[in-house]
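As provided, structure.cif (mmCIF, C-alpha atoms) reads as follows.
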data_entry
loop_
_atom_site.label_atom_id
_atom_site.label_comp_id
_atom_site.auth_asym_id
_atom_site.auth_seq_id
_atom_site.Cartn_x
_atom_site.Cartn_y
_atom_site.Cartn_z
CA MET A 1 1.32 -177.77 19.05
CA SER A 2 0.26 -181.33 18.51
CA THR A 3 1.57 -183.56 15.77
CA ASP A 4 -0.41 -184.95 12.86
CA LEU A 5 -0.20 -188.48 14.27
CA LEU A 6 -3.47 -190.25 14.85
CA PRO A 7 -4.34 -190.53 18.57
CA ASP A 8 -4.40 -194.16 19.74
CA SER A 9 -7.99 -194.00 20.97
CA LEU A 10 -9.21 -192.72 17.59
CA ARG A 11 -7.07 -195.25 15.70
CA GLN A 12 -8.56 -198.05 17.82
CA ALA A 13 -12.14 -196.85 17.33
CA ILE A 14 -11.69 -196.59 13.56
CA SER A 15 -9.79 -199.85 13.05
CA ASP A 16 -12.40 -201.77 15.09
CA ASP A 17 -15.05 -200.83 12.53
CA LEU A 18 -13.20 -200.38 9.27
CA VAL A 19 -15.42 -202.41 6.98
CA PRO A 20 -15.67 -201.37 3.33
CA VAL A 21 -18.75 -199.29 2.59
CA LYS A 22 -20.58 -198.58 -0.64
CA PRO A 23 -20.84 -194.84 -1.40
CA LEU A 24 -24.31 -193.36 -1.44
CA PRO A 25 -25.62 -192.91 -5.00
CA PRO A 26 -26.01 -189.29 -6.17
CA ALA A 27 -29.17 -187.40 -5.17
CA TRP A 28 -30.73 -187.66 -8.65
CA MET A 29 -30.41 -191.43 -8.59
CA ARG A 30 -31.96 -191.68 -5.12
CA THR A 31 -34.73 -189.35 -6.33
CA LEU A 32 -35.50 -191.73 -9.21
CA TRP A 33 -35.67 -194.57 -6.71
CA ALA A 34 -38.13 -192.62 -4.54
CA VAL A 35 -40.19 -191.71 -7.63
CA ALA A 36 -40.38 -195.38 -8.64
CA VAL A 37 -41.62 -196.36 -5.16
CA ALA A 38 -44.09 -193.46 -5.19
CA ALA A 39 -45.42 -194.45 -8.65
CA ILE A 40 -45.96 -198.05 -7.58
CA GLY A 41 -47.59 -196.86 -4.37
CA LEU A 42 -49.92 -194.52 -6.25
CA ALA A 43 -50.98 -197.32 -8.60
CA VAL A 44 -51.63 -199.68 -5.70
CA VAL A 45 -53.65 -197.12 -3.73
CA ILE A 46 -55.71 -196.08 -6.78
CA THR A 47 -56.50 -199.74 -7.45
CA ALA A 48 -57.19 -200.58 -3.80
CA PHE A 49 -59.60 -197.66 -3.31
CA LYS A 50 -61.09 -198.15 -6.81
CA LEU A 51 -60.52 -194.46 -7.57
CA THR A 52 -61.57 -193.13 -10.97
CA LEU A 53 -61.11 -189.88 -12.87
CA ARG A 54 -63.26 -186.96 -11.75
CA PRO A 55 -66.61 -186.78 -13.61
CA ASP A 56 -66.02 -183.25 -14.92
CA MET A 57 -62.63 -184.18 -16.42
CA ALA A 58 -63.86 -183.66 -19.99
CA GLN A 59 -65.14 -180.17 -19.17
CA LEU A 60 -61.84 -178.98 -17.77
CA PRO A 61 -59.31 -177.48 -20.19
CA MET A 62 -56.31 -179.70 -20.82
CA TRP A 63 -53.89 -177.30 -19.13
CA LEU A 64 -55.98 -177.41 -15.96
CA SER A 65 -56.49 -181.16 -15.83
CA TRP A 66 -53.47 -183.13 -17.07
CA GLY A 67 -51.31 -180.01 -17.43
CA CYS A 68 -51.54 -178.96 -13.78
CA THR A 69 -51.19 -182.55 -12.63
CA ALA A 70 -47.96 -182.89 -14.62
CA LEU A 71 -46.67 -179.58 -13.30
CA GLN A 72 -47.48 -180.52 -9.70
CA LEU A 73 -45.76 -183.88 -10.18
CA VAL A 74 -42.63 -182.10 -11.42
CA VAL A 75 -42.66 -179.75 -8.42
CA GLY A 76 -43.20 -182.69 -6.07
CA VAL A 77 -40.27 -184.61 -7.56
CA VAL A 78 -38.06 -181.51 -7.35
CA LEU A 79 -38.97 -181.16 -3.65
CA VAL A 80 -38.12 -184.82 -3.02
CA GLY A 81 -34.82 -184.32 -4.87
CA MET A 82 -34.04 -181.28 -2.71
CA ALA A 83 -34.76 -183.31 0.44
CA LEU A 84 -32.36 -186.02 -0.70
CA ARG A 85 -29.72 -183.44 -1.58
CA GLU A 86 -30.14 -181.79 1.81
CA ALA A 87 -29.53 -185.18 3.42
CA VAL A 88 -25.86 -185.24 2.41
CA PRO A 89 -23.32 -183.15 4.38
CA GLY A 90 -21.84 -180.28 2.41
CA ASN A 91 -24.68 -180.39 -0.07
CA GLY A 92 -27.20 -178.34 1.86
CA VAL A 93 -29.95 -176.44 0.05
CA PRO A 94 -29.82 -172.67 0.70
CA THR A 95 -32.62 -171.53 3.03
CA GLY A 96 -34.02 -169.19 0.37
CA ALA A 97 -34.35 -172.08 -2.08
CA VAL A 98 -36.08 -174.21 0.59
CA THR A 99 -38.59 -171.43 1.29
CA LEU A 100 -39.20 -170.82 -2.40
CA ALA A 101 -39.70 -174.50 -3.21
CA VAL A 102 -42.06 -175.19 -0.29
CA ALA A 103 -44.07 -172.02 -0.99
CA THR A 104 -44.30 -172.94 -4.69
CA GLY A 105 -45.67 -176.38 -3.83
CA VAL A 106 -48.34 -175.01 -1.49
CA LEU A 107 -49.30 -172.00 -3.62
CA MET A 108 -49.55 -174.13 -6.75
CA GLN A 109 -52.01 -176.47 -5.04
CA ILE A 110 -54.14 -173.52 -3.90
CA LEU A 111 -54.08 -171.84 -7.32
CA VAL A 112 -54.96 -175.09 -9.09
CA GLY A 113 -57.85 -175.53 -6.62
CA ILE A 114 -59.13 -172.01 -7.31
CA ALA A 115 -58.79 -172.41 -11.10
CA THR A 116 -60.60 -175.74 -10.99
CA TRP A 117 -63.41 -174.26 -8.89
CA MET A 118 -63.79 -171.43 -11.41
CA HIS A 119 -63.81 -173.70 -14.48
CA SER A 120 -65.60 -176.79 -13.22
CA PRO A 121 -69.30 -177.34 -13.59
CA GLY A 122 -68.78 -180.49 -11.50
CA MET A 123 -70.00 -181.70 -8.17
CA SER A 124 -70.21 -179.00 -5.54
CA LEU A 125 -70.40 -179.67 -1.85
CA LEU A 126 -73.64 -181.32 -0.83
CA GLU A 127 -75.19 -179.80 2.26
CA GLY A 128 -74.42 -181.94 5.29
CA HIS A 129 -71.93 -184.17 3.46
CA GLY A 130 -68.88 -181.92 3.75
CA LEU A 131 -67.31 -183.79 6.65
CA ARG A 132 -67.76 -187.23 5.11
CA ALA A 133 -66.38 -186.09 1.75
CA GLY A 134 -63.50 -184.36 3.51
CA VAL A 135 -62.54 -187.37 5.59
CA THR A 136 -62.72 -189.60 2.51
CA CYS A 137 -60.48 -187.27 0.51
CA ALA A 138 -58.04 -186.81 3.40
CA THR A 139 -57.78 -190.59 3.70
CA HIS A 140 -57.11 -190.92 -0.03
CA ASP A 141 -54.56 -188.09 0.09
CA ALA A 142 -52.73 -189.66 3.03
CA ALA A 143 -52.73 -193.10 1.41
CA LEU A 144 -51.48 -191.69 -1.91
CA ALA A 145 -48.71 -189.73 -0.18
CA LEU A 146 -47.60 -192.46 2.21
CA PRO A 147 -45.36 -194.50 -0.16
CA ALA A 148 -43.56 -191.38 -1.42
CA LEU A 149 -43.21 -190.03 2.13
CA ALA A 150 -41.90 -193.31 3.52
CA ALA A 151 -39.42 -193.83 0.69
CA THR A 152 -38.16 -190.24 0.84
CA LEU A 153 -37.75 -190.15 4.62
CA TRP A 154 -36.05 -193.55 4.62
CA LEU A 155 -33.56 -192.34 2.01
CA VAL A 156 -33.06 -189.04 3.84
CA PHE A 157 -32.38 -190.62 7.23
CA ARG A 158 -30.18 -193.32 5.71
CA ALA A 159 -27.78 -190.50 4.79
CA LEU A 160 -26.66 -187.85 7.28
CA PRO A 161 -28.93 -184.79 7.16
CA LEU A 162 -27.33 -182.10 9.29
CA ARG A 163 -30.61 -180.14 9.23
CA PRO A 164 -32.98 -183.13 9.45
CA SER A 165 -36.11 -181.08 10.11
CA ILE A 166 -35.47 -179.09 6.90
CA ALA A 167 -34.87 -182.31 4.95
CA GLY A 168 -38.04 -183.80 6.49
CA LEU A 169 -40.05 -180.68 5.66
CA LEU A 170 -38.91 -180.84 2.03
CA GLY A 171 -39.65 -184.57 1.86
CA GLY A 172 -43.09 -184.16 3.45
CA THR A 173 -44.01 -181.32 1.11
CA GLY A 174 -42.73 -183.25 -1.91
CA ALA A 175 -44.77 -186.34 -1.04
CA ALA A 176 -47.87 -184.20 -0.35
CA VAL A 177 -47.62 -182.25 -3.61
CA THR A 178 -47.06 -185.46 -5.57
CA ALA A 179 -50.15 -187.03 -3.98
CA ASP A 180 -52.21 -183.89 -4.57
CA ALA A 181 -51.21 -183.89 -8.25
CA VAL A 182 -53.00 -187.23 -8.56
CA THR A 183 -55.90 -186.29 -6.26
CA HIS A 184 -56.54 -183.26 -8.46
CA ILE A 185 -57.71 -185.50 -11.31
CA LEU A 186 -59.53 -187.96 -9.03
CA CYS A 187 -61.45 -185.89 -6.46
CA PRO A 188 -64.97 -185.10 -7.81
CA MET A 189 -65.41 -182.10 -5.47
CA SER A 190 -64.71 -178.71 -6.99
CA ASP A 191 -66.04 -176.70 -4.03
CA LEU A 192 -63.29 -174.34 -2.91
CA ARG A 193 -64.02 -174.84 0.81
CA HIS A 194 -63.50 -178.58 0.41
CA VAL A 195 -60.24 -178.12 -1.53
CA LEU A 196 -58.75 -175.55 0.84
CA LEU A 197 -59.82 -177.25 4.07
CA TRP A 198 -59.11 -180.89 3.28
CA HIS A 199 -56.60 -180.99 0.42
CA THR A 200 -54.52 -177.93 1.32
CA GLY A 201 -54.87 -178.93 4.97
CA MET A 202 -53.46 -182.37 4.14
CA ILE A 203 -50.46 -180.75 2.47
CA PHE A 204 -49.75 -178.77 5.63
CA GLY A 205 -50.31 -181.90 7.71
CA LEU A 206 -47.74 -183.89 5.72
CA MET A 207 -45.29 -180.98 5.91
CA VAL A 208 -45.59 -181.13 9.69
CA VAL A 209 -45.17 -184.92 9.64
CA GLY A 210 -41.91 -184.57 7.69
CA TRP A 211 -40.63 -181.79 9.95
CA VAL A 212 -41.47 -183.71 13.14
CA ALA A 213 -39.89 -186.89 11.73
CA GLY A 214 -36.71 -184.88 11.17
CA LYS A 215 -36.78 -183.56 14.73
CA LEU A 216 -37.28 -187.04 16.15
CA TRP A 217 -34.46 -188.46 14.03
CA GLU A 218 -32.20 -185.61 15.15
CA ARG A 219 -32.93 -186.38 18.79
CA HIS A 220 -32.27 -190.08 18.20
CA ARG A 221 -29.06 -189.59 16.20
CA PHE A 222 -27.49 -186.59 17.91
CA GLY A 223 -29.28 -186.65 21.25
CA LYS A 224 -30.77 -183.18 21.01
CA GLY A 225 -34.28 -181.77 21.00
CA MET B 1 -2.26 -171.93 -6.13
CA GLY B 2 -5.16 -173.19 -8.25
CA VAL B 3 -3.17 -176.18 -9.48
CA ASP B 4 -2.05 -176.93 -5.92
CA ARG B 5 -5.66 -176.81 -4.75
CA GLN B 6 -6.74 -179.17 -7.52
CA ALA B 7 -3.93 -181.57 -6.71
CA GLU B 8 -4.78 -181.42 -3.02
CA GLU B 9 -8.46 -182.05 -3.74
CA LYS B 10 -7.57 -185.05 -5.94
CA ARG B 11 -5.40 -186.39 -3.13
CA LEU B 12 -8.28 -186.03 -0.65
CA ILE B 13 -10.68 -187.76 -3.04
CA ALA B 14 -8.20 -190.64 -3.44
CA PHE B 15 -7.92 -190.89 0.37
CA MET B 16 -11.72 -190.98 0.73
CA ILE B 17 -12.13 -193.65 -1.95
CA GLY B 18 -9.46 -195.81 -0.28
CA TYR B 19 -10.96 -195.16 3.17
CA GLN B 20 -14.41 -196.22 1.95
CA LYS B 21 -12.82 -199.43 0.70
CA GLY B 22 -11.47 -200.09 4.20
CA SER B 23 -7.91 -198.75 4.06
CA MET B 24 -6.54 -197.50 7.40
CA ASP B 25 -3.60 -195.88 5.60
CA ASP B 26 -5.99 -193.71 3.62
CA PHE B 27 -7.85 -192.71 6.77
CA GLU B 28 -4.53 -191.70 8.32
CA GLY B 29 -3.67 -189.74 5.18
CA LEU B 30 -6.98 -187.94 5.39
CA TYR B 31 -6.43 -187.19 9.07
CA ALA B 32 -2.90 -185.88 8.50
CA ALA B 33 -4.03 -183.69 5.58
CA LEU B 34 -6.99 -182.15 7.39
CA LYS B 35 -6.06 -182.10 11.06
CA GLN B 36 -4.56 -178.60 11.21
CA PRO B 37 -7.13 -176.75 9.10
CA LEU B 38 -9.97 -178.51 10.93
CA LEU B 39 -8.48 -177.57 14.31
CA ARG B 40 -8.27 -173.98 13.16
CA TYR B 41 -11.88 -174.10 12.01
CA LEU B 42 -13.05 -175.70 15.26
CA TRP B 43 -11.17 -173.07 17.21
CA THR B 44 -13.38 -170.45 15.54
CA PHE B 45 -16.30 -171.96 17.45
CA VAL B 46 -14.80 -172.94 20.80
CA ARG B 47 -11.73 -170.67 21.24
CA ASN B 48 -9.99 -173.38 23.21
CA ALA B 49 -7.24 -175.61 21.85
CA THR B 50 -8.01 -178.54 24.18
CA VAL B 51 -11.72 -178.52 23.37
CA ALA B 52 -10.90 -178.17 19.68
CA GLU B 53 -8.67 -181.27 19.94
CA ASP B 54 -11.52 -183.20 21.61
CA LEU B 55 -13.99 -182.05 18.98
CA LEU B 56 -11.55 -183.03 16.24
CA GLN B 57 -11.68 -186.62 17.48
CA GLU B 58 -15.47 -186.46 17.67
CA THR B 59 -15.50 -185.04 14.13
CA PHE B 60 -13.47 -187.94 12.77
CA LEU B 61 -15.72 -190.40 14.57
CA GLN B 62 -18.75 -188.75 12.94
CA ILE B 63 -16.94 -188.82 9.59
CA HIS B 64 -16.33 -192.52 10.12
CA ARG B 65 -19.98 -193.22 10.94
CA ALA B 66 -21.10 -191.27 7.87
CA ARG B 67 -18.33 -192.25 5.44
CA GLN B 68 -20.76 -193.93 3.03
CA THR B 69 -22.53 -190.58 2.49
CA TYR B 70 -19.54 -189.19 0.62
CA THR B 71 -20.05 -189.70 -3.12
CA PRO B 72 -16.86 -189.71 -5.23
CA PRO B 73 -15.71 -187.68 -7.08
CA ARG B 74 -17.47 -184.80 -5.33
CA PRO B 75 -15.15 -182.40 -3.47
CA VAL B 76 -14.21 -183.83 -0.08
CA ARG B 77 -13.72 -180.63 1.87
CA PRO B 78 -17.30 -179.27 1.84
CA TRP B 79 -18.49 -182.70 3.03
CA ILE B 80 -15.95 -182.86 5.87
CA TYR B 81 -16.25 -179.22 6.91
CA ALA B 82 -20.04 -179.45 7.04
CA ILE B 83 -19.74 -182.41 9.45
CA THR B 84 -17.10 -180.53 11.45
CA ARG B 85 -19.33 -177.49 11.69
CA HIS B 86 -22.21 -179.63 12.88
CA VAL B 87 -20.07 -181.25 15.57
CA ALA B 88 -18.99 -177.80 16.78
CA LEU B 89 -22.54 -176.43 16.80
CA MET B 90 -23.86 -179.48 18.64
CA HIS B 91 -21.13 -178.96 21.23
CA LEU B 92 -22.09 -175.32 21.68
CA ARG B 93 -25.78 -176.18 21.96
CA SER B 94 -25.12 -178.94 24.46
CA GLY B 95 -24.09 -176.37 27.06
CA ARG B 96 -20.71 -178.00 27.51
CA ARG B 97 -18.98 -174.94 26.11
CA ARG B 98 -16.02 -173.82 28.16
CA LYS B 99 -15.32 -170.16 28.55
CA GLU B 100 -11.55 -170.29 28.66
CA MET B 101 -9.78 -168.33 25.97
CA LEU B 102 -6.33 -169.23 24.79
CA ALA B 103 -3.24 -167.32 23.89
CA ASP B 104 -2.27 -166.83 20.25
CA ASP B 105 0.64 -169.24 20.50
CA GLN B 106 -1.87 -172.00 21.24
CA LEU B 107 -3.67 -171.44 17.97
CA PRO B 108 -3.39 -174.25 15.47
CA GLU B 109 -1.27 -173.20 12.51
CA VAL B 110 -2.73 -172.70 9.07
CA PRO B 111 -1.08 -171.01 6.11
CA VAL B 112 -2.32 -167.44 5.72
CA PRO B 113 -2.82 -166.44 2.07
CA PRO B 114 -1.15 -163.26 0.76
CA GLU B 115 -4.39 -161.24 0.50
CA MET B 116 -4.87 -161.62 4.27
CA GLU B 117 -1.21 -161.32 5.20
CA LYS B 118 -0.94 -157.89 3.62
CA LEU B 119 -3.57 -156.55 6.01
CA ALA B 120 -1.54 -157.13 9.16
CA ASP B 121 0.92 -159.45 10.80
CA ARG B 122 -0.28 -162.93 11.78
CA ALA B 123 -0.73 -162.20 15.50
CA THR B 124 -2.74 -159.04 14.86
CA LEU B 125 -4.81 -160.87 12.29
CA HIS B 126 -5.63 -163.65 14.72
CA GLN B 127 -6.53 -161.12 17.41
CA LEU B 128 -8.78 -159.10 15.10
CA LEU B 129 -10.43 -162.21 13.73
CA SER B 130 -11.28 -163.37 17.23
CA GLU B 131 -13.04 -160.06 17.89
CA LEU B 132 -15.40 -160.42 14.92
CA PRO B 133 -18.86 -161.99 15.29
CA SER B 134 -18.72 -165.77 14.85
CA HIS B 135 -20.58 -165.85 11.51
CA SER B 136 -18.11 -163.32 10.09
CA GLN B 137 -15.14 -165.23 11.48
CA GLU B 138 -16.45 -168.43 9.98
CA VAL B 139 -16.81 -167.17 6.43
CA LEU B 140 -13.43 -165.38 6.56
CA MET B 141 -11.83 -168.49 7.95
CA LEU B 142 -13.27 -170.72 5.26
CA HIS B 143 -12.64 -168.45 2.30
CA HIS B 144 -9.55 -166.43 3.13
CA LEU B 145 -7.65 -168.61 5.56
CA LEU B 146 -8.60 -172.09 4.37
CA GLY B 147 -8.81 -171.06 0.72
CA MET B 148 -12.26 -172.38 -0.12
CA SER B 149 -14.33 -171.07 -3.00
CA PHE B 150 -17.58 -169.27 -2.24
CA LEU B 151 -19.42 -172.23 -3.73
CA GLU B 152 -17.73 -174.52 -1.20
CA VAL B 153 -18.37 -172.07 1.64
CA GLY B 154 -22.05 -171.98 0.65
CA GLN B 155 -22.23 -175.77 0.59
CA ILE B 156 -20.75 -175.98 4.08
CA LEU B 157 -22.95 -173.27 5.59
CA GLY B 158 -26.13 -174.20 3.69
CA ILE B 159 -26.33 -170.80 2.00
CA ALA B 160 -26.09 -169.61 -1.61
CA ALA B 161 -22.61 -168.87 -3.01
CA GLY B 162 -23.66 -165.24 -3.52
CA THR B 163 -24.69 -164.94 0.12
CA ALA B 164 -21.32 -166.35 1.18
CA LYS B 165 -19.59 -163.77 -0.99
CA VAL B 166 -21.59 -160.91 0.55
CA ARG B 167 -20.86 -162.16 4.09
CA SER B 168 -17.16 -162.44 3.29
CA HIS B 169 -17.08 -158.95 1.82
CA ARG B 170 -18.79 -157.49 4.90
CA ALA B 171 -16.53 -159.41 7.26
CA LEU B 172 -13.39 -158.27 5.45
CA LYS B 173 -14.67 -154.72 5.52
CA ALA B 174 -15.25 -154.99 9.27
CA LEU B 175 -11.76 -156.43 9.70
CA ARG B 176 -10.24 -153.53 7.76
CA GLU B 177 -12.21 -151.02 9.82
CA ARG B 178 -10.96 -152.54 13.06
CA LEU B 179 -7.46 -152.47 11.67
CA ALA B 180 -7.84 -148.82 10.71
CA GLU B 181 -9.12 -148.03 14.23
CA ARG B 182 -5.90 -149.51 15.58
CA GLY B 183 -3.94 -147.48 13.05
CA GLY B 184 -1.86 -150.50 12.19
CA GLY B 185 -3.03 -151.43 8.69
CA ASP B 186 -2.93 -150.08 5.18
CA ALA B 187 -6.74 -150.11 4.90
#

Serialized structure, structure tokens:
Amino acid sequence: MSTDLLPDSLRQAISDDLVPVKPLPPAWMRTLWAVAVAAIGLAVVITAFKLTLRPDMAQLPMWLSWGCTALQLVVGVVLVGMALREAVPGNGVPTGAVTLAVATGVLMQILVGIATWMHSPGMSLLEGHGLRAGVTCATHDAALALPALAATLWLVFRALPLRPSIAGLLGGTGAAVTADAVTHILCPMSDLRHVLLWHTGMIFGLMVVGWVAGKLWERHRFGKG
Amino acid sequence: MGVDRQAEEKRLIAFMIGYQKGSMDDFEGLYAALKQPLLRYLWTFVRNATVAEDLLQETFLQIHRARQTYTPPRPVRPWIYAITRHVALMHLRSGRRRKEMLADDQLPEVPVPPEMEKLADRATLHQLLSELPSHSQEVLMLHHLLGMSFLEVGQILGIAAGTAKVRSHRALKALRERLAERGGGDA
């Protein structure tokens, strides 16, 4: 049986690099930081692309316009918070909660899209313009999500996520849902095909981006694929 | 027991705070306090005392690299055990796992709580534990042998506290059944 004395090699390795460190702020505080970056990013992107409220905004009931946007924002922030919590050892989010949160984010976007399609008298898809409208919306979605995604992933990988792909998936979904909450009140298209193909598709795309970023970080940090 | 656990946790938190401020003495205190239970936990994965010793060093190096991710005054043990578990799993996945098994007298010592001791003697307990599936061993080790709450076990394993409780219950049941098969327990 060995003693409790520190082995010399370990003592040397530690003492060579024993600089004081500042503890990571709690997850809620890092979430607020990510939200602040995301809010600034959203404002910049909306201004840069000269985006305006959808033309049928007045015809939509309040719960479906601002109400659903607020709800989606809350879900997006919760997802970002879960990603940042997952990034700290011993603070992992149970797999069931991860599944539930991600599914809630995606399903909410789909249900909001369906409800909007049912209520909106607004612009439907013009024949032959589906691809152009889709690419435009996907670009806006990606640009709106990018600040939140970058801030969240930076904060996640600055900690020590032991399941980085899960943390990345949560961060990617959170950023996507947050961006979609804003797109919902900006995109003039109420056609369900457009919403499901381009907007829901973008959510899945950003989920994959987060997951892949986690895998790549894991390979870089721990040398595994 | 509860008061002792609280005092021990406060001591670990004080070590971590000092260590984050750059104190080598506090790192040594942390190492001395956690070496044996961590070795026992690592043994659950690798079943080899030498490999467990190597992984213990790797664990403390990982702890050192990630020391800023501990946020006082959160409990220290879930943070450290989660890193330890990750080091062990990475070792197993790397294909460097050695197949040698070790005799009971090579096992790192940890205090066995009364609720486990009453099931069988220490040697039998170690033997039976080693025959259980690894996920059952792990939850029994964390809760019954290392005295962690189900909340802490859940935080380490990334599962809900309720799930940890169910796993522990099933593992203990399996342990009792194996003991009954041997005819050596009071189960």

*Show which residues sit within 9 Å of Thr163 of chain B, as JSON, numbers by chain. Count all atoms listed in the file, and ignore same-chain residues fewer than 5 positions away.*
{"B": [150, 154, 168]}

Should the cut-off be 7 Å, what would the residue list for chain B against chain A look like, counting all atoms listed in the file, as an mmCIF file with C-alpha atoms, in the frame of the given file?
data_model
loop_
_atom_site.group_PDB
_atom_site.id
_atom_site.type_symbol
_atom_site.label_atom_id
_atom_site.label_comp_id
_atom_site.auth_asym_id
_atom_site.auth_seq_id
_atom_site.Cartn_x
_atom_site.Cartn_y
_atom_site.Cartn_z
ATOM 1 C CA GLN B 20 -14.410 -196.220 1.950
ATOM 2 C CA LYS B 21 -12.820 -199.430 0.700
ATOM 3 C CA GLY B 22 -11.470 -200.090 4.200
ATOM 4 C CA MET B 24 -6.540 -197.500 7.400
ATOM 5 C CA GLU B 28 -4.530 -191.700 8.320
ATOM 6 C CA ALA B 32 -2.900 -185.880 8.500
ATOM 7 C CA LYS B 35 -6.060 -182.100 11.060
ATOM 8 C CA GLN B 57 -11.680 -186.620 17.480
ATOM 9 C CA ALA B 66 -21.100 -191.270 7.870
ATOM 10 C CA GLN B 68 -20.760 -193.930 3.030
ATOM 11 C CA THR B 69 -22.530 -190.580 2.490
ATOM 12 C CA TYR B 70 -19.540 -189.190 0.620
ATOM 13 C CA THR B 71 -20.050 -189.700 -3.120
ATOM 14 C CA PRO B 78 -17.300 -179.270 1.840
ATOM 15 C CA TRP B 79 -18.490 -182.700 3.030
ATOM 16 C CA ALA B 82 -20.040 -179.450 7.040
ATOM 17 C CA ILE B 83 -19.740 -182.410 9.450
ATOM 18 C CA HIS B 86 -22.210 -179.630 12.880
ATOM 19 C CA GLN B 106 -1.870 -172.000 21.240
ATOM 20 C CA PRO B 108 -3.390 -174.250 15.470
ATOM 21 C CA GLN B 155 -22.230 -175.770 0.590
ATOM 22 C CA ILE B 156 -20.750 -175.980 4.080
ATOM 23 C CA GLY B 158 -26.130 -174.200 3.690
ATOM 24 C CA ILE B 159 -26.330 -170.800 2.000
ATOM 25 C CA ALA B 160 -26.090 -169.610 -1.610
#

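Those residues that approach segment 208-213 of chain A to within 6 Å, counting all atoms listed in the file, are Ser165, Gly168, Leu169 and Gly172 of chain A; same-chain residues fewer than 4 positions away are not listed.
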
Could you list, as an mmCIF file with C-alpha atoms, in the coordinates of the input, every residue within 9 Å of segment 59-67 of chain A, counting only C-alpha atoms and ignoring same-chain residues fewer than 5 positions away?
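And here is the file that came out, selection.cif:
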data_model
loop_
_atom_site.group_PDB
_atom_site.id
_atom_site.type_symbol
_atom_site.label_atom_id
_atom_site.label_comp_id
_atom_site.auth_asym_id
_atom_site.auth_seq_id
_atom_site.Cartn_x
_atom_site.Cartn_y
_atom_site.Cartn_z
ATOM 1 C CA GLN A 72 -47.480 -180.520 -9.700
ATOM 2 C CA VAL A 112 -54.960 -175.090 -9.090
ATOM 3 C CA ALA A 115 -58.790 -172.410 -11.100
ATOM 4 C CA THR A 116 -60.600 -175.740 -10.990
ATOM 5 C CA HIS A 119 -63.810 -173.700 -14.480
ATOM 6 C CA SER A 120 -65.600 -176.790 -13.220
ATOM 7 C CA PRO A 121 -69.300 -177.340 -13.590
ATOM 8 C CA GLY A 122 -68.780 -180.490 -11.500
ATOM 9 C CA HIS A 184 -56.540 -183.260 -8.460
ATOM 10 C CA ILE A 185 -57.710 -185.500 -11.310
#

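Going from atom CA of Ala164 of chain B over to atom CA of Leu151 of chain B, you cover 7.9 Å.
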
Where atoms are missing, can you supply N, CA and C atoms for segment 181-192 of chain A and output the lot as a short mmCIF file (atom, residue, chain, number, x, y, z; two decimals), keeping the file's coordinate frame?
data_model
loop_
_atom_site.label_atom_id
_atom_site.label_comp_id
_atom_site.auth_asym_id
_atom_site.auth_seq_id
_atom_site.Cartn_x
_atom_site.Cartn_y
_atom_site.Cartn_z
N ALA A 181 -51.18 -183.94 -6.78
CA ALA A 181 -51.21 -183.89 -8.25
C ALA A 181 -52.15 -184.97 -8.78
N VAL A 182 -52.14 -186.11 -8.13
CA VAL A 182 -53.00 -187.23 -8.56
C VAL A 182 -54.44 -186.99 -8.06
N THR A 183 -54.56 -186.55 -6.82
CA THR A 183 -55.90 -186.29 -6.26
C THR A 183 -56.67 -185.27 -7.11
N HIS A 184 -55.92 -184.32 -7.65
CA HIS A 184 -56.54 -183.26 -8.46
C HIS A 184 -57.38 -183.82 -9.61
N ILE A 185 -56.93 -184.93 -10.19
CA ILE A 185 -57.71 -185.50 -11.31
C ILE A 185 -58.63 -186.63 -10.86
N LEU A 186 -58.66 -186.89 -9.54
CA LEU A 186 -59.53 -187.96 -9.03
C LEU A 186 -60.70 -187.42 -8.19
N CYS A 187 -60.42 -186.39 -7.39
CA CYS A 187 -61.45 -185.89 -6.46
C CYS A 187 -62.60 -185.22 -7.24
N PRO A 188 -63.84 -185.67 -7.05
CA PRO A 188 -64.97 -185.10 -7.81
C PRO A 188 -65.43 -183.74 -7.28
N MET A 189 -64.95 -183.36 -6.10
CA MET A 189 -65.41 -182.10 -5.47
C MET A 189 -64.64 -180.91 -6.04
N SER A 190 -65.38 -179.92 -6.52
CA SER A 190 -64.71 -178.71 -6.99
C SER A 190 -64.96 -177.54 -6.04
N ASP A 191 -65.74 -177.76 -5.00
CA ASP A 191 -66.04 -176.70 -4.03
C ASP A 191 -64.74 -176.22 -3.38
N LEU A 192 -64.55 -174.91 -3.39
CA LEU A 192 -63.29 -174.34 -2.91
C LEU A 192 -63.07 -174.60 -1.43
#
